[in-house]
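Structure file input-v3.txt; described as compact mmCIF, C-alpha atoms.
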```txt
# COMPACT_ATOMS: atom_id res chain seq x y z
CA MET A 1 11.37 -23.30 -2.00
CA SER A 2 12.35 -20.99 0.86
CA ASP A 3 9.66 -18.76 2.32
CA ASN A 4 8.73 -17.49 5.76
CA GLN A 5 7.76 -21.02 6.74
CA THR A 6 11.40 -22.19 6.40
CA PRO A 7 14.18 -21.27 8.86
CA ASP A 8 16.72 -20.23 6.19
CA LEU A 9 14.66 -17.26 5.00
CA PHE A 10 12.63 -16.56 8.17
CA GLY A 11 12.53 -12.83 8.97
CA GLN A 12 10.48 -9.64 8.85
CA THR A 13 7.55 -9.87 6.50
CA PRO A 14 8.09 -7.10 3.91
CA SER A 15 5.77 -4.11 3.80
CA GLN A 16 3.46 -3.54 0.83
CA THR A 17 1.13 -0.67 -0.03
CA VAL A 18 -2.49 -0.64 1.12
CA GLY A 19 -3.34 0.30 -2.49
CA PRO A 20 -6.32 2.48 -3.43
CA PHE A 21 -9.13 0.13 -2.33
CA PHE A 22 -8.65 -0.21 1.43
CA HIS A 23 -11.81 1.68 2.43
CA TYR A 24 -13.90 -1.43 3.09
CA GLY A 25 -11.06 -3.18 4.92
CA LEU A 26 -9.45 -0.73 7.33
CA PRO A 27 -11.15 2.57 8.28
CA TRP A 28 -13.97 1.58 10.58
CA LYS A 29 -16.78 3.99 11.46
CA GLY A 30 -15.62 6.20 14.29
CA GLY A 31 -11.97 5.30 13.86
CA ALA A 32 -11.11 8.99 13.83
CA ASP A 33 -13.27 9.83 16.87
CA LEU A 34 -11.31 8.90 19.99
CA VAL A 35 -13.68 10.61 22.42
CA GLY A 36 -17.22 10.13 21.13
CA GLN A 37 -19.30 7.84 18.97
CA SER A 38 -19.61 9.14 15.43
CA ASP A 39 -18.70 7.72 12.04
CA MET A 40 -15.64 9.96 11.62
CA GLY A 41 -12.77 8.47 9.64
CA ALA A 42 -14.71 6.07 7.41
CA ARG A 43 -15.64 6.37 3.72
CA PRO A 44 -18.71 4.13 3.34
CA ASP A 45 -19.67 6.34 0.36
CA LEU A 46 -17.03 4.48 -1.66
CA ILE A 47 -18.58 1.08 -1.03
CA PRO A 48 -21.82 -0.26 -2.58
CA GLU A 49 -24.86 -0.68 -0.34
CA GLY A 50 -24.64 -3.73 1.91
CA HIS A 51 -20.90 -4.22 1.52
CA TYR A 52 -19.52 -1.83 4.10
CA LEU A 53 -19.24 -4.24 7.05
CA LEU A 54 -16.82 -2.40 9.32
CA ASN A 55 -18.19 -1.67 12.76
CA LEU A 56 -19.06 1.53 14.45
CA SER A 57 -16.60 1.77 17.35
CA ALA A 58 -18.02 1.15 20.83
CA SER A 59 -19.57 4.01 22.75
CA LYS A 60 -17.38 5.60 25.36
CA GLY A 61 -18.00 7.40 28.62
CA PRO A 62 -16.62 10.88 29.16
CA VAL A 63 -12.90 11.17 28.45
CA ALA A 64 -10.68 13.26 30.73
CA GLY A 65 -8.80 16.10 29.11
CA GLU A 66 -9.18 18.91 26.63
CA VAL A 67 -11.15 17.69 23.61
CA ILE A 68 -9.59 18.91 20.38
CA GLU A 69 -10.08 18.40 16.69
CA ILE A 70 -7.04 17.88 14.50
CA ARG A 71 -7.43 18.41 10.81
CA GLY A 72 -5.24 18.85 7.79
CA ARG A 73 -4.44 17.68 4.33
CA VAL A 74 -2.13 15.04 2.94
CA LEU A 75 -0.23 16.39 -0.07
CA ASP A 76 2.11 14.83 -2.62
CA GLY A 77 5.33 16.18 -4.17
CA ASP A 78 3.35 18.19 -6.74
CA GLY A 79 1.29 19.84 -4.01
CA GLN A 80 -1.74 17.76 -4.98
CA PRO A 81 -4.08 16.50 -2.23
CA ILE A 82 -4.11 12.73 -1.82
CA PRO A 83 -7.65 11.28 -1.70
CA ASP A 84 -6.56 7.68 -1.05
CA ALA A 85 -4.38 8.02 2.02
CA MET A 86 -5.03 7.01 5.60
CA LEU A 87 -3.58 8.33 8.84
CA GLU A 88 -3.20 6.40 12.07
CA ILE A 89 -2.50 8.04 15.41
CA TRP A 90 -1.29 6.72 18.77
CA GLN A 91 -1.11 8.86 21.87
CA ALA A 92 -1.09 8.97 25.65
CA ASN A 93 -4.09 10.04 27.71
CA ALA A 94 -4.41 13.43 29.36
CA ALA A 95 -2.34 12.26 32.33
CA GLY A 96 0.46 11.05 30.07
CA ARG A 97 -0.17 7.30 30.32
CA TYR A 98 -0.39 4.93 27.34
CA ALA A 99 -3.22 2.38 27.42
CA SER A 100 -0.79 -0.44 26.75
CA PRO A 101 0.61 -3.29 28.86
CA ASP A 102 4.06 -1.95 27.94
CA ASP A 103 3.41 1.23 29.90
CA ALA A 104 3.49 -0.19 33.42
CA ARG A 105 3.64 3.11 35.33
CA GLU A 106 0.83 2.42 37.75
CA ASP A 107 1.27 5.74 39.55
CA ILE A 108 -0.20 7.48 36.50
CA PRO A 109 -3.92 6.79 35.98
CA LEU A 110 -5.38 5.03 32.96
CA ASP A 111 -8.56 6.53 31.54
CA PRO A 112 -11.03 3.66 31.14
CA ASN A 113 -12.74 5.55 28.30
CA PHE A 114 -9.64 6.35 26.29
CA ILE A 115 -7.61 3.97 24.13
CA GLY A 116 -5.56 6.48 22.17
CA PHE A 117 -5.48 4.72 18.79
CA GLY A 118 -7.24 6.25 15.79
CA ARG A 119 -7.54 5.86 12.05
CA ALA A 120 -8.84 8.34 9.45
CA SER A 121 -9.05 8.05 5.69
CA THR A 122 -8.63 11.20 3.64
CA SER A 123 -11.58 12.73 1.81
CA ALA A 124 -11.82 13.37 -1.94
CA ASP A 125 -10.02 16.66 -1.16
CA GLY A 126 -7.19 14.92 0.68
CA GLU A 127 -8.44 16.12 4.06
CA TYR A 128 -8.51 14.18 7.29
CA ARG A 129 -9.95 14.93 10.71
CA PHE A 130 -9.53 13.41 14.18
CA ARG A 131 -11.38 14.19 17.40
CA THR A 132 -9.27 13.38 20.44
CA ILE A 133 -7.85 14.90 23.61
CA LYS A 134 -4.60 16.69 24.12
CA PRO A 135 -2.13 14.12 25.47
CA GLY A 136 -0.07 14.65 28.62
CA ARG A 137 3.69 14.64 28.72
CA THR A 138 5.49 11.29 28.68
CA PRO A 139 9.01 10.22 29.62
CA GLY A 140 11.79 10.29 27.03
CA PRO A 141 15.23 8.66 27.10
CA GLY A 142 17.15 8.90 30.39
CA ASN A 143 15.59 11.51 32.66
CA SER A 144 14.15 13.57 29.84
CA LEU A 145 10.50 14.45 29.43
CA GLN A 146 8.75 14.54 26.06
CA ALA A 147 6.46 17.40 25.12
CA PRO A 148 2.83 16.44 24.40
CA HIS A 149 2.82 14.70 21.03
CA ILE A 150 0.94 12.21 18.89
CA ALA A 151 2.65 9.49 16.85
CA VAL A 152 1.34 9.54 13.28
CA GLY A 153 1.57 6.81 10.64
CA VAL A 154 0.76 7.60 6.99
CA LEU A 155 -0.43 4.87 4.61
CA GLY A 156 -1.94 5.03 1.14
CA ARG A 157 -1.70 4.22 -2.51
CA GLY A 158 1.88 4.85 -3.63
CA LEU A 159 3.22 4.38 -0.11
CA ILE A 160 4.94 1.04 -0.21
CA LYS A 161 5.60 1.32 3.48
CA ARG A 162 4.20 3.43 6.26
CA LEU A 163 5.75 6.84 6.87
CA CYS A 164 6.06 7.84 10.51
CA THR A 165 5.98 11.33 11.89
CA ARG A 166 4.97 13.11 15.08
CA LEU A 167 2.53 15.89 15.77
CA TYR A 168 3.49 18.44 18.43
CA PHE A 169 1.34 21.36 19.52
CA GLU A 170 2.11 25.00 18.82
CA ASP A 171 1.31 25.82 22.44
CA GLY A 172 2.64 22.54 23.86
CA GLU A 173 4.54 22.67 27.11
CA GLY A 174 8.18 21.64 26.71
CA ASN A 175 8.60 21.71 22.94
CA GLY A 176 11.90 23.50 23.51
CA ASP A 177 13.28 20.62 25.61
CA ASP A 178 11.76 17.69 23.74
CA PRO A 179 14.44 15.03 23.15
CA ILE A 180 13.03 13.93 19.78
CA LEU A 181 12.39 17.42 18.39
CA ALA A 182 16.00 18.19 19.35
CA LEU A 183 17.13 15.59 16.77
CA VAL A 184 15.37 17.49 13.97
CA PRO A 185 17.23 20.32 12.20
CA GLN A 186 15.85 23.65 13.42
CA THR A 187 14.81 24.65 9.90
CA ARG A 188 12.48 21.65 9.55
CA ARG A 189 11.00 21.47 13.06
CA HIS A 190 8.03 23.58 12.06
CA THR A 191 6.72 20.71 9.91
CA LEU A 192 5.98 18.80 13.13
CA ILE A 193 4.13 21.59 14.92
CA ALA A 194 0.34 21.69 14.63
CA GLN A 195 -1.03 25.23 14.42
CA LYS A 196 -3.84 26.37 16.66
CA ILE A 197 -7.13 27.02 14.88
CA ASP A 198 -10.67 27.49 16.12
CA GLY A 199 -11.64 24.32 18.02
CA GLY A 200 -8.33 22.57 17.61
CA TYR A 201 -5.23 22.29 15.50
CA ARG A 202 -4.19 22.15 11.87
CA PHE A 203 -1.49 19.69 10.75
CA ASP A 204 -0.73 19.11 7.08
CA VAL A 205 1.34 16.15 5.99
CA VAL A 206 3.50 16.90 2.95
CA LEU A 207 5.05 13.74 1.55
CA GLN A 208 7.63 15.45 -0.63
CA GLY A 209 8.98 18.80 -1.75
CA GLU A 210 9.89 22.13 -0.23
CA ARG A 211 7.59 21.85 2.78
CA GLU A 212 8.24 18.12 3.18
CA THR A 213 7.20 16.84 6.59
CA VAL A 214 9.93 15.33 8.73
CA PHE A 215 9.59 11.53 8.77
CA PHE A 216 11.30 9.35 11.31
CA ASP A 217 13.12 6.07 11.03
CA VAL A 218 11.09 4.45 13.79
CA MET B 1 13.07 6.40 31.21
CA ASP B 2 14.92 3.87 29.11
CA VAL B 3 12.84 1.33 27.27
CA ILE B 4 13.61 -1.81 25.31
CA GLY B 5 13.26 -0.82 21.67
CA TYR B 6 12.37 -2.83 18.59
CA HIS B 7 14.70 -3.90 15.80
CA HIS B 8 14.91 -1.68 12.79
CA GLU B 9 13.96 -2.70 9.28
CA ASP B 10 15.93 -5.57 7.82
CA ALA B 11 17.31 -5.83 4.28
CA GLY B 12 14.02 -7.24 3.02
CA GLN B 13 12.00 -4.07 3.52
CA PRO B 14 11.34 -2.14 0.29
CA PRO B 15 12.45 1.48 -0.21
CA SER B 16 9.69 4.12 -0.18
CA LEU B 17 10.82 5.26 -3.62
CA SER B 18 10.43 2.30 -5.99
CA PRO B 19 10.09 3.99 -9.41
CA GLY B 20 8.79 0.83 -11.09
CA TYR B 21 5.66 1.44 -9.01
CA ALA B 22 4.91 4.83 -10.55
CA SER B 23 2.77 6.22 -7.72
CA THR B 24 5.76 6.15 -5.36
CA VAL B 25 7.55 8.85 -7.36
CA ALA B 26 5.52 11.81 -6.08
CA ARG B 27 4.53 10.18 -2.79
CA SER B 28 7.90 9.28 -1.25
CA PRO B 29 10.01 11.67 0.81
CA ARG B 30 13.22 13.06 -0.69
CA GLU B 31 14.76 13.97 2.65
CA ALA B 32 16.44 11.19 4.64
CA LEU B 33 14.42 9.74 7.51
CA ILE B 34 15.60 10.97 10.89
CA GLY B 35 16.60 8.19 13.26
CA ILE B 36 15.17 8.39 16.76
CA PRO B 37 15.63 6.28 19.89
CA HIS B 38 12.51 4.36 20.78
CA THR B 39 10.61 5.97 23.63
CA LEU B 40 7.50 4.81 25.44
CA THR B 41 5.57 6.20 22.45
CA GLU B 42 7.09 3.75 19.96
CA VAL B 43 7.11 0.64 22.18
CA THR B 44 3.47 0.84 23.27
CA GLY B 45 0.27 0.17 21.34
CA PRO B 46 -3.37 -0.77 21.84
CA ALA B 47 -3.91 -4.31 23.15
CA GLY B 48 -6.97 -6.48 23.58
CA VAL B 49 -9.41 -3.74 22.59
CA TRP B 50 -10.15 -4.85 19.02
CA ASP B 51 -13.85 -5.36 19.78
CA GLN B 52 -14.16 -1.75 20.97
CA LEU B 53 -12.27 -0.42 17.96
CA MET B 54 -12.83 -2.35 14.73
CA GLY B 55 -15.42 -4.77 16.06
CA PRO B 56 -15.80 -8.55 16.35
CA SER B 57 -13.90 -11.06 14.26
CA ARG B 58 -15.05 -11.96 10.75
CA ALA B 59 -13.08 -15.10 9.94
CA ASP B 60 -15.22 -16.53 7.14
CA LEU B 61 -15.35 -14.24 4.12
CA THR B 62 -17.52 -16.77 2.23
CA ARG B 63 -20.45 -16.26 4.63
CA GLN B 64 -20.91 -12.51 4.67
CA GLN B 65 -23.75 -12.12 2.20
CA LYS B 66 -26.90 -14.06 1.29
CA GLY B 67 -25.33 -16.74 -0.87
CA GLU B 68 -21.93 -18.30 -1.40
CA PRO B 69 -19.38 -16.42 -3.48
CA LEU B 70 -18.03 -17.85 -6.72
CA GLY B 71 -14.42 -19.00 -6.79
CA GLN B 72 -12.00 -21.46 -5.28
CA ARG B 73 -12.65 -21.78 -1.54
CA ILE B 74 -9.40 -21.56 0.47
CA VAL B 75 -8.33 -21.57 4.13
CA ILE B 76 -5.34 -19.41 5.04
CA SER B 77 -3.67 -20.21 8.34
CA GLY B 78 -0.41 -19.50 10.09
CA ARG B 79 1.09 -17.66 12.99
CA VAL B 80 2.12 -14.12 13.77
CA LEU B 81 5.65 -14.27 15.17
CA ASP B 82 8.41 -11.88 16.15
CA GLU B 83 11.87 -12.13 14.65
CA ALA B 84 12.99 -14.55 17.38
CA GLY B 85 10.12 -16.87 16.42
CA ARG B 86 8.09 -16.04 19.52
CA PRO B 87 4.32 -15.93 19.01
CA VAL B 88 2.53 -12.59 18.99
CA PRO B 89 -0.70 -13.49 20.83
CA ASN B 90 -4.03 -11.65 20.78
CA THR B 91 -3.07 -9.32 17.96
CA VAL B 92 -5.40 -8.17 15.23
CA ILE B 93 -5.15 -9.01 11.51
CA GLU B 94 -7.38 -7.04 9.14
CA ILE B 95 -7.98 -8.57 5.72
CA TRP B 96 -9.27 -7.28 2.38
CA GLN B 97 -9.15 -8.59 -1.16
CA CYS B 98 -10.85 -8.60 -4.56
CA ASN B 99 -13.19 -11.33 -5.77
CA ALA B 100 -12.41 -14.40 -7.89
CA ALA B 101 -12.67 -12.34 -11.08
CA GLY B 102 -10.18 -9.78 -9.81
CA ARG B 103 -12.70 -7.02 -9.00
CA TYR B 104 -12.81 -5.07 -5.73
CA ILE B 105 -16.09 -4.14 -4.07
CA HIS B 106 -15.12 -0.46 -4.29
CA ARG B 107 -16.72 2.26 -6.38
CA ARG B 108 -13.34 3.42 -7.64
CA ASP B 109 -12.51 0.01 -9.13
CA GLN B 110 -13.76 0.47 -12.67
CA TRP B 111 -12.26 -2.65 -14.22
CA ASP B 112 -14.71 -4.46 -16.46
CA ALA B 113 -14.93 -7.72 -14.53
CA PRO B 114 -18.06 -8.83 -12.68
CA LEU B 115 -18.81 -7.93 -9.10
CA ASP B 116 -19.99 -10.86 -7.01
CA PRO B 117 -22.99 -9.80 -4.89
CA ASN B 118 -22.11 -12.59 -2.48
CA PHE B 119 -18.57 -11.48 -1.85
CA THR B 120 -17.42 -8.42 0.07
CA GLY B 121 -13.89 -9.54 0.85
CA ALA B 122 -13.22 -7.86 4.22
CA GLY B 123 -12.26 -9.90 7.27
CA LEU B 124 -10.77 -9.62 10.72
CA VAL B 125 -9.13 -12.24 12.92
CA VAL B 126 -7.27 -12.10 16.23
CA THR B 127 -4.36 -14.45 16.97
CA ASP B 128 -4.71 -16.96 19.81
CA ALA B 129 -2.28 -17.49 22.70
CA ALA B 130 0.12 -19.32 20.36
CA GLY B 131 -0.02 -16.53 17.77
CA ALA B 132 -2.10 -18.70 15.44
CA TYR B 133 -4.79 -17.42 13.10
CA GLU B 134 -7.01 -18.81 10.37
CA PHE B 135 -9.57 -17.47 7.93
CA THR B 136 -11.67 -18.83 5.08
CA THR B 137 -12.11 -16.97 1.82
CA ILE B 138 -12.01 -17.51 -1.94
CA LYS B 139 -8.87 -17.21 -4.02
CA PRO B 140 -8.69 -13.67 -5.42
CA GLY B 141 -8.17 -13.15 -9.15
CA ALA B 142 -5.44 -11.23 -10.95
CA TYR B 143 -6.38 -7.85 -12.41
CA PRO B 144 -4.96 -5.21 -14.76
CA TRP B 145 -3.89 -1.78 -13.51
CA GLY B 146 -2.65 1.39 -15.11
CA ASN B 147 0.95 1.40 -13.89
CA HIS B 148 2.44 0.56 -17.31
CA TYR B 149 1.42 -1.12 -20.56
CA ASN B 150 -0.22 -4.52 -19.93
CA ALA B 151 0.38 -4.36 -16.19
CA TRP B 152 -1.35 -7.07 -14.14
CA ARG B 153 -1.28 -7.51 -10.40
CA PRO B 154 -0.68 -11.07 -9.21
CA ALA B 155 -3.46 -12.54 -7.05
CA HIS B 156 -2.99 -11.20 -3.54
CA ILE B 157 -4.71 -10.68 -0.19
CA HIS B 158 -4.05 -7.49 1.80
CA LEU B 159 -3.15 -8.16 5.45
CA SER B 160 -2.82 -5.47 8.11
CA MET B 161 -1.20 -6.12 11.50
CA LEU B 162 -0.73 -3.78 14.45
CA GLY B 163 1.39 -6.02 16.71
CA PRO B 164 2.15 -4.91 20.26
CA ALA B 165 3.61 -1.46 19.52
CA PHE B 166 3.53 1.57 17.25
CA ALA B 167 6.89 0.30 15.95
CA THR B 168 5.56 -3.12 14.92
CA ARG B 169 2.76 -1.97 12.64
CA LEU B 170 2.85 -3.75 9.27
CA VAL B 171 0.70 -3.92 6.15
CA THR B 172 1.65 -6.52 3.59
CA GLN B 173 0.22 -8.54 0.71
CA LEU B 174 0.03 -12.33 0.63
CA TYR B 175 0.85 -13.88 -2.76
CA PHE B 176 0.23 -17.40 -4.01
CA PRO B 177 2.91 -19.94 -4.98
CA ASP B 178 3.83 -20.47 -8.64
CA ASP B 179 2.17 -17.26 -9.84
CA PRO B 180 4.04 -16.07 -12.97
CA LEU B 181 2.82 -12.49 -12.40
CA ILE B 182 4.83 -12.02 -9.19
CA GLU B 183 8.18 -11.61 -10.91
CA ILE B 184 6.84 -8.92 -13.26
CA ASP B 185 4.90 -7.01 -10.60
CA PRO B 186 6.51 -3.69 -9.55
CA ILE B 187 4.90 -3.72 -6.10
CA ALA B 188 6.09 -7.22 -5.18
CA ASN B 189 9.41 -6.45 -6.88
CA ALA B 190 10.05 -3.44 -4.68
CA VAL B 191 11.16 -6.19 -2.30
CA PRO B 192 14.42 -7.77 -3.47
CA LEU B 193 14.87 -11.52 -3.71
CA PRO B 194 15.15 -13.69 -1.74
CA TYR B 195 13.06 -11.62 0.72
CA ARG B 196 10.14 -11.33 -1.72
CA GLN B 197 9.53 -15.02 -1.07
CA ARG B 198 8.56 -14.14 2.51
CA MET B 199 5.30 -12.79 1.07
CA VAL B 200 4.44 -16.01 -0.75
CA ALA B 201 2.11 -18.45 0.99
CA ARG B 202 2.70 -22.18 0.76
CA PHE B 203 0.16 -24.74 -0.40
CA ASP B 204 -0.43 -27.22 2.42
CA ILE B 205 -2.27 -30.50 2.06
CA ALA B 206 -2.42 -30.99 5.85
CA SER B 207 -4.60 -27.89 6.34
CA THR B 208 -6.62 -28.58 3.19
CA ARG B 209 -10.19 -29.53 4.18
CA PRO B 210 -11.34 -32.70 2.43
CA ASN B 211 -14.20 -31.97 0.04
CA TRP B 212 -14.21 -28.32 1.12
CA ALA B 213 -11.24 -25.95 0.74
CA LEU B 214 -7.57 -25.78 -0.26
CA GLY B 215 -5.16 -24.91 2.55
CA TYR B 216 -2.36 -22.35 2.45
CA LEU B 217 0.16 -21.54 5.19
CA PHE B 218 1.39 -18.01 5.78
CA ASP B 219 3.49 -17.01 8.79
CA ILE B 220 3.73 -13.28 9.40
CA VAL B 221 6.88 -11.96 11.09
CA LEU B 222 6.81 -8.62 12.91
CA ARG B 223 9.82 -6.69 14.13
CA GLY B 224 11.33 -8.18 17.29
CA ARG B 225 12.56 -6.50 20.41
CA ASP B 226 16.15 -5.65 21.29
CA ALA B 227 17.77 -7.44 24.21
CA THR B 228 18.71 -4.38 26.27
CA PRO B 229 17.19 -0.97 26.92
CA PHE B 230 18.30 1.99 24.88
CA GLU B 231 20.53 4.04 27.13
CA GLY B 232 19.71 7.67 26.70
CA ALA B 233 22.69 8.80 28.72
CA ARG B 234 25.08 7.39 26.14
CA SER B 235 23.34 8.73 23.07
```

Target format structure tokens, applied to this file:
Amino acid sequence: MSDNQTPDLFGQTPSQTVGPFFHYGLPWKGGADLVGQSDMGARPDLIPEGHYLLNLSASKGPVAGEVIEIRGRVLDGDGQPIPDAMLEIWQANAAGRYASPDDAREDIPLDPNFIGFGRASTSADGEYRFRTIKPGRTPGPGNSLQAPHIAVGVLGRGLIKRLCTRLYFEDGEGNGDDPILALVPQTRRHTLIAQKIDGGYRFDVVLQGERETVFFDV
Amino acid sequence: MDVIGYHHEDAGQPPSLSPGYASTVARSPREALIGIPHTLTEVTGPAGVWDQLMGPSRADLTRQQKGEPLGQRIVISGRVLDEAGRPVPNTVIEIWQCNAAGRYIHRRDQWDAPLDPNFTGAGLVVTDAAGAYEFTTIKPGAYPWGNHYNAWRPAHIHLSMLGPAFATRLVTQLYFPDDPLIEIDPIANAVPLPYRQRMVARFDIASTRPNWALGYLFDIVLRGRDATPFEGARS
């Protein structure tokens, strides 16, 4: 029979949901803390004693940039908080460089203490929290410059494939000229803008309905 | 700055709204996704830092507790490839599954099947230079769920891949050949045939360990890269 081991059917492996029981497989301790060493992001409370094996992420030295906390809720089409979702983020460092071999701009410094990838499961109340730094601006298509932003992936029970969005900052430099925000109808742009709160920013992710977050075909 | 983007989804990717899987109804967007050109953000991703993030590899799920778990011991091996068949080296695969009786080591799993104190069911492997990976586990059981009357999930292993870029991230489920539950499972069936077959592993006598474990092959294919840079000036 044809499968991905035969040339006639070979192609992208289809996406499937993470289901409701991913908490001992994916969100490691500290996954949501991109600047320090804490257990943010994990839900070991859902796993019996002795069976939560995911590591605490490695300790880091001081990270350059403005440390911020991002928090919010993940909500479904009925406005109900989602307790079995998980967010992943990917961002540039404070200087605007991605810690990736595919960002070869050597004139912009890497931060040896900053990777820029994070993962946070939602709490019983559907809330998530990341501690990170505000990213710098990065190049967009052509000669354009992107405003500071964080790529966000949403996974969870009932999400058969990841939903992708972006978080921009209410006070971010260049939001008005951002080449990706410009592709979003004016009336929906606000769903991508994190609001300033004490100590950081608030960013809710609404999967469906009147305040539905803009998701991108990435 | 123009970058070389990744291919978009092919016809085998499921829609977010798959009403047969009831939880998708209130959790899938109603607005159309907005297409964007890939920028540096989408074509980059963490690389080679898995130890600092999720920790060291855990390739043998049968040796994580005091004793050996119950169930059929199996070895899953294969490669992570892009759509052109090129290996994806040094990329992380995170693994989780239920035990041989079909029960997850998770407080929210209330199904009345026994937990196995010797089985956690969480692993992590990193592909080698040729994109190859391998892990040892036990064959997971089928289990009932509340989606509809007499709903049973086929035996499956959850696999999570990051690949080289934000755009290549993939979570899938590996199914086993000749499982009659696959064709009546709404989650597997969100993927149309023949593409559903891409999620089915193949029994393999060559990788079966004599007097030890049955072998299954499972190649994982991530989105590949376009040939030429996206040209912003023409968009």

Would you list which chain A residues are within 7 Å of chain B using all atoms listed in the file, as an MDAnalysis selection string? chainID A and resid 2:5 11:18 21 24:26 28 46:48 51 54:55 57:58 76:78 98:100 102:103 115 117 139:143 158:161 180 207:208 215:218

Output file for the selection above: C-alpha atoms, as a PDB file, in the frame of the given file:
```
ATOM      1  CA  SER A   2      12.350 -20.990   0.860  1.00  0.00           C
ATOM      2  CA  ASP A   3       9.660 -18.760   2.320  1.00  0.00           C
ATOM      3  CA  ASN A   4       8.730 -17.490   5.760  1.00  0.00           C
ATOM      4  CA  GLN A   5       7.760 -21.020   6.740  1.00  0.00           C
ATOM      5  CA  GLY A  11      12.530 -12.830   8.970  1.00  0.00           C
ATOM      6  CA  GLN A  12      10.480  -9.640   8.850  1.00  0.00           C
ATOM      7  CA  THR A  13       7.550  -9.870   6.500  1.00  0.00           C
ATOM      8  CA  PRO A  14       8.090  -7.100   3.910  1.00  0.00           C
ATOM      9  CA  SER A  15       5.770  -4.110   3.800  1.00  0.00           C
ATOM     10  CA  GLN A  16       3.460  -3.540   0.830  1.00  0.00           C
ATOM     11  CA  THR A  17       1.130  -0.670  -0.030  1.00  0.00           C
ATOM     12  CA  VAL A  18      -2.490  -0.640   1.120  1.00  0.00           C
ATOM     13  CA  PHE A  21      -9.130   0.130  -2.330  1.00  0.00           C
ATOM     14  CA  TYR A  24     -13.900  -1.430   3.090  1.00  0.00           C
ATOM     15  CA  GLY A  25     -11.060  -3.180   4.920  1.00  0.00           C
ATOM     16  CA  LEU A  26      -9.450  -0.730   7.330  1.00  0.00           C
ATOM     17  CA  TRP A  28     -13.970   1.580  10.580  1.00  0.00           C
ATOM     18  CA  LEU A  46     -17.030   4.480  -1.660  1.00  0.00           C
ATOM     19  CA  ILE A  47     -18.580   1.080  -1.030  1.00  0.00           C
ATOM     20  CA  PRO A  48     -21.820  -0.260  -2.580  1.00  0.00           C
ATOM     21  CA  HIS A  51     -20.900  -4.220   1.520  1.00  0.00           C
ATOM     22  CA  LEU A  54     -16.820  -2.400   9.320  1.00  0.00           C
ATOM     23  CA  ASN A  55     -18.190  -1.670  12.760  1.00  0.00           C
ATOM     24  CA  SER A  57     -16.600   1.770  17.350  1.00  0.00           C
ATOM     25  CA  ALA A  58     -18.020   1.150  20.830  1.00  0.00           C
ATOM     26  CA  ASP A  76       2.110  14.830  -2.620  1.00  0.00           C
ATOM     27  CA  GLY A  77       5.330  16.180  -4.170  1.00  0.00           C
ATOM     28  CA  ASP A  78       3.350  18.190  -6.740  1.00  0.00           C
ATOM     29  CA  TYR A  98      -0.390   4.930  27.340  1.00  0.00           C
ATOM     30  CA  ALA A  99      -3.220   2.380  27.420  1.00  0.00           C
ATOM     31  CA  SER A 100      -0.790  -0.440  26.750  1.00  0.00           C
ATOM     32  CA  ASP A 102       4.060  -1.950  27.940  1.00  0.00           C
ATOM     33  CA  ASP A 103       3.410   1.230  29.900  1.00  0.00           C
ATOM     34  CA  ILE A 115      -7.610   3.970  24.130  1.00  0.00           C
ATOM     35  CA  PHE A 117      -5.480   4.720  18.790  1.00  0.00           C
ATOM     36  CA  PRO A 139       9.010  10.220  29.620  1.00  0.00           C
ATOM     37  CA  GLY A 140      11.790  10.290  27.030  1.00  0.00           C
ATOM     38  CA  PRO A 141      15.230   8.660  27.100  1.00  0.00           C
ATOM     39  CA  GLY A 142      17.150   8.900  30.390  1.00  0.00           C
ATOM     40  CA  ASN A 143      15.590  11.510  32.660  1.00  0.00           C
ATOM     41  CA  GLY A 158       1.880   4.850  -3.630  1.00  0.00           C
ATOM     42  CA  LEU A 159       3.220   4.380  -0.110  1.00  0.00           C
ATOM     43  CA  ILE A 160       4.940   1.040  -0.210  1.00  0.00           C
ATOM     44  CA  LYS A 161       5.600   1.320   3.480  1.00  0.00           C
ATOM     45  CA  ILE A 180      13.030  13.930  19.780  1.00  0.00           C
ATOM     46  CA  LEU A 207       5.050  13.740   1.550  1.00  0.00           C
ATOM     47  CA  GLN A 208       7.630  15.450  -0.630  1.00  0.00           C
ATOM     48  CA  PHE A 215       9.590  11.530   8.770  1.00  0.00           C
ATOM     49  CA  PHE A 216      11.300   9.350  11.310  1.00  0.00           C
ATOM     50  CA  ASP A 217      13.120   6.070  11.030  1.00  0.00           C
ATOM     51  CA  VAL A 218      11.090   4.450  13.790  1.00  0.00           C
TER      52      VAL A 218
END
```

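Nearest-residue note for Glu134 in chain B: choosing from B:Pro69, B:Leu61, B:Gly20, B:Val75, the minimum distance belongs to B:Val75, counting only C-alpha atoms.
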
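Going from CA of Gly50 in chain A over to CA of Gln110 in chain B, you cover 18.7 Å.
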
Please give the centre and size of the box around range 192-199 of chain A (axis-aligned, containing every atom listed in the file, 5 Å added per side), with values in Å to one decimal and written as lines of an AutoDock Vina configuration file.
```
center_x = -2.8
center_y = 23.1
center_z = 15.6
size_x = 27.6
size_y = 18.7
size_z = 14.9
```

Write out as a compact mmCIF listing (two decimals) with C-alpha atoms, keeping the file's coordinate frame each polymer residue whose atoms come within 6 Å of range 141-143 of chain B, counting all atoms listed in the file; drop sequence neighbours fewer than 4 positions from it.
```
# COMPACT_ATOMS: atom_id res chain seq x y z
CA ALA B 100 -12.41 -14.40 -7.89
CA ALA B 101 -12.67 -12.34 -11.08
CA GLY B 102 -10.18 -9.78 -9.81
CA TRP B 152 -1.35 -7.07 -14.14
CA ARG B 153 -1.28 -7.51 -10.40
CA PRO B 154 -0.68 -11.07 -9.21
CA ALA B 155 -3.46 -12.54 -7.05
```
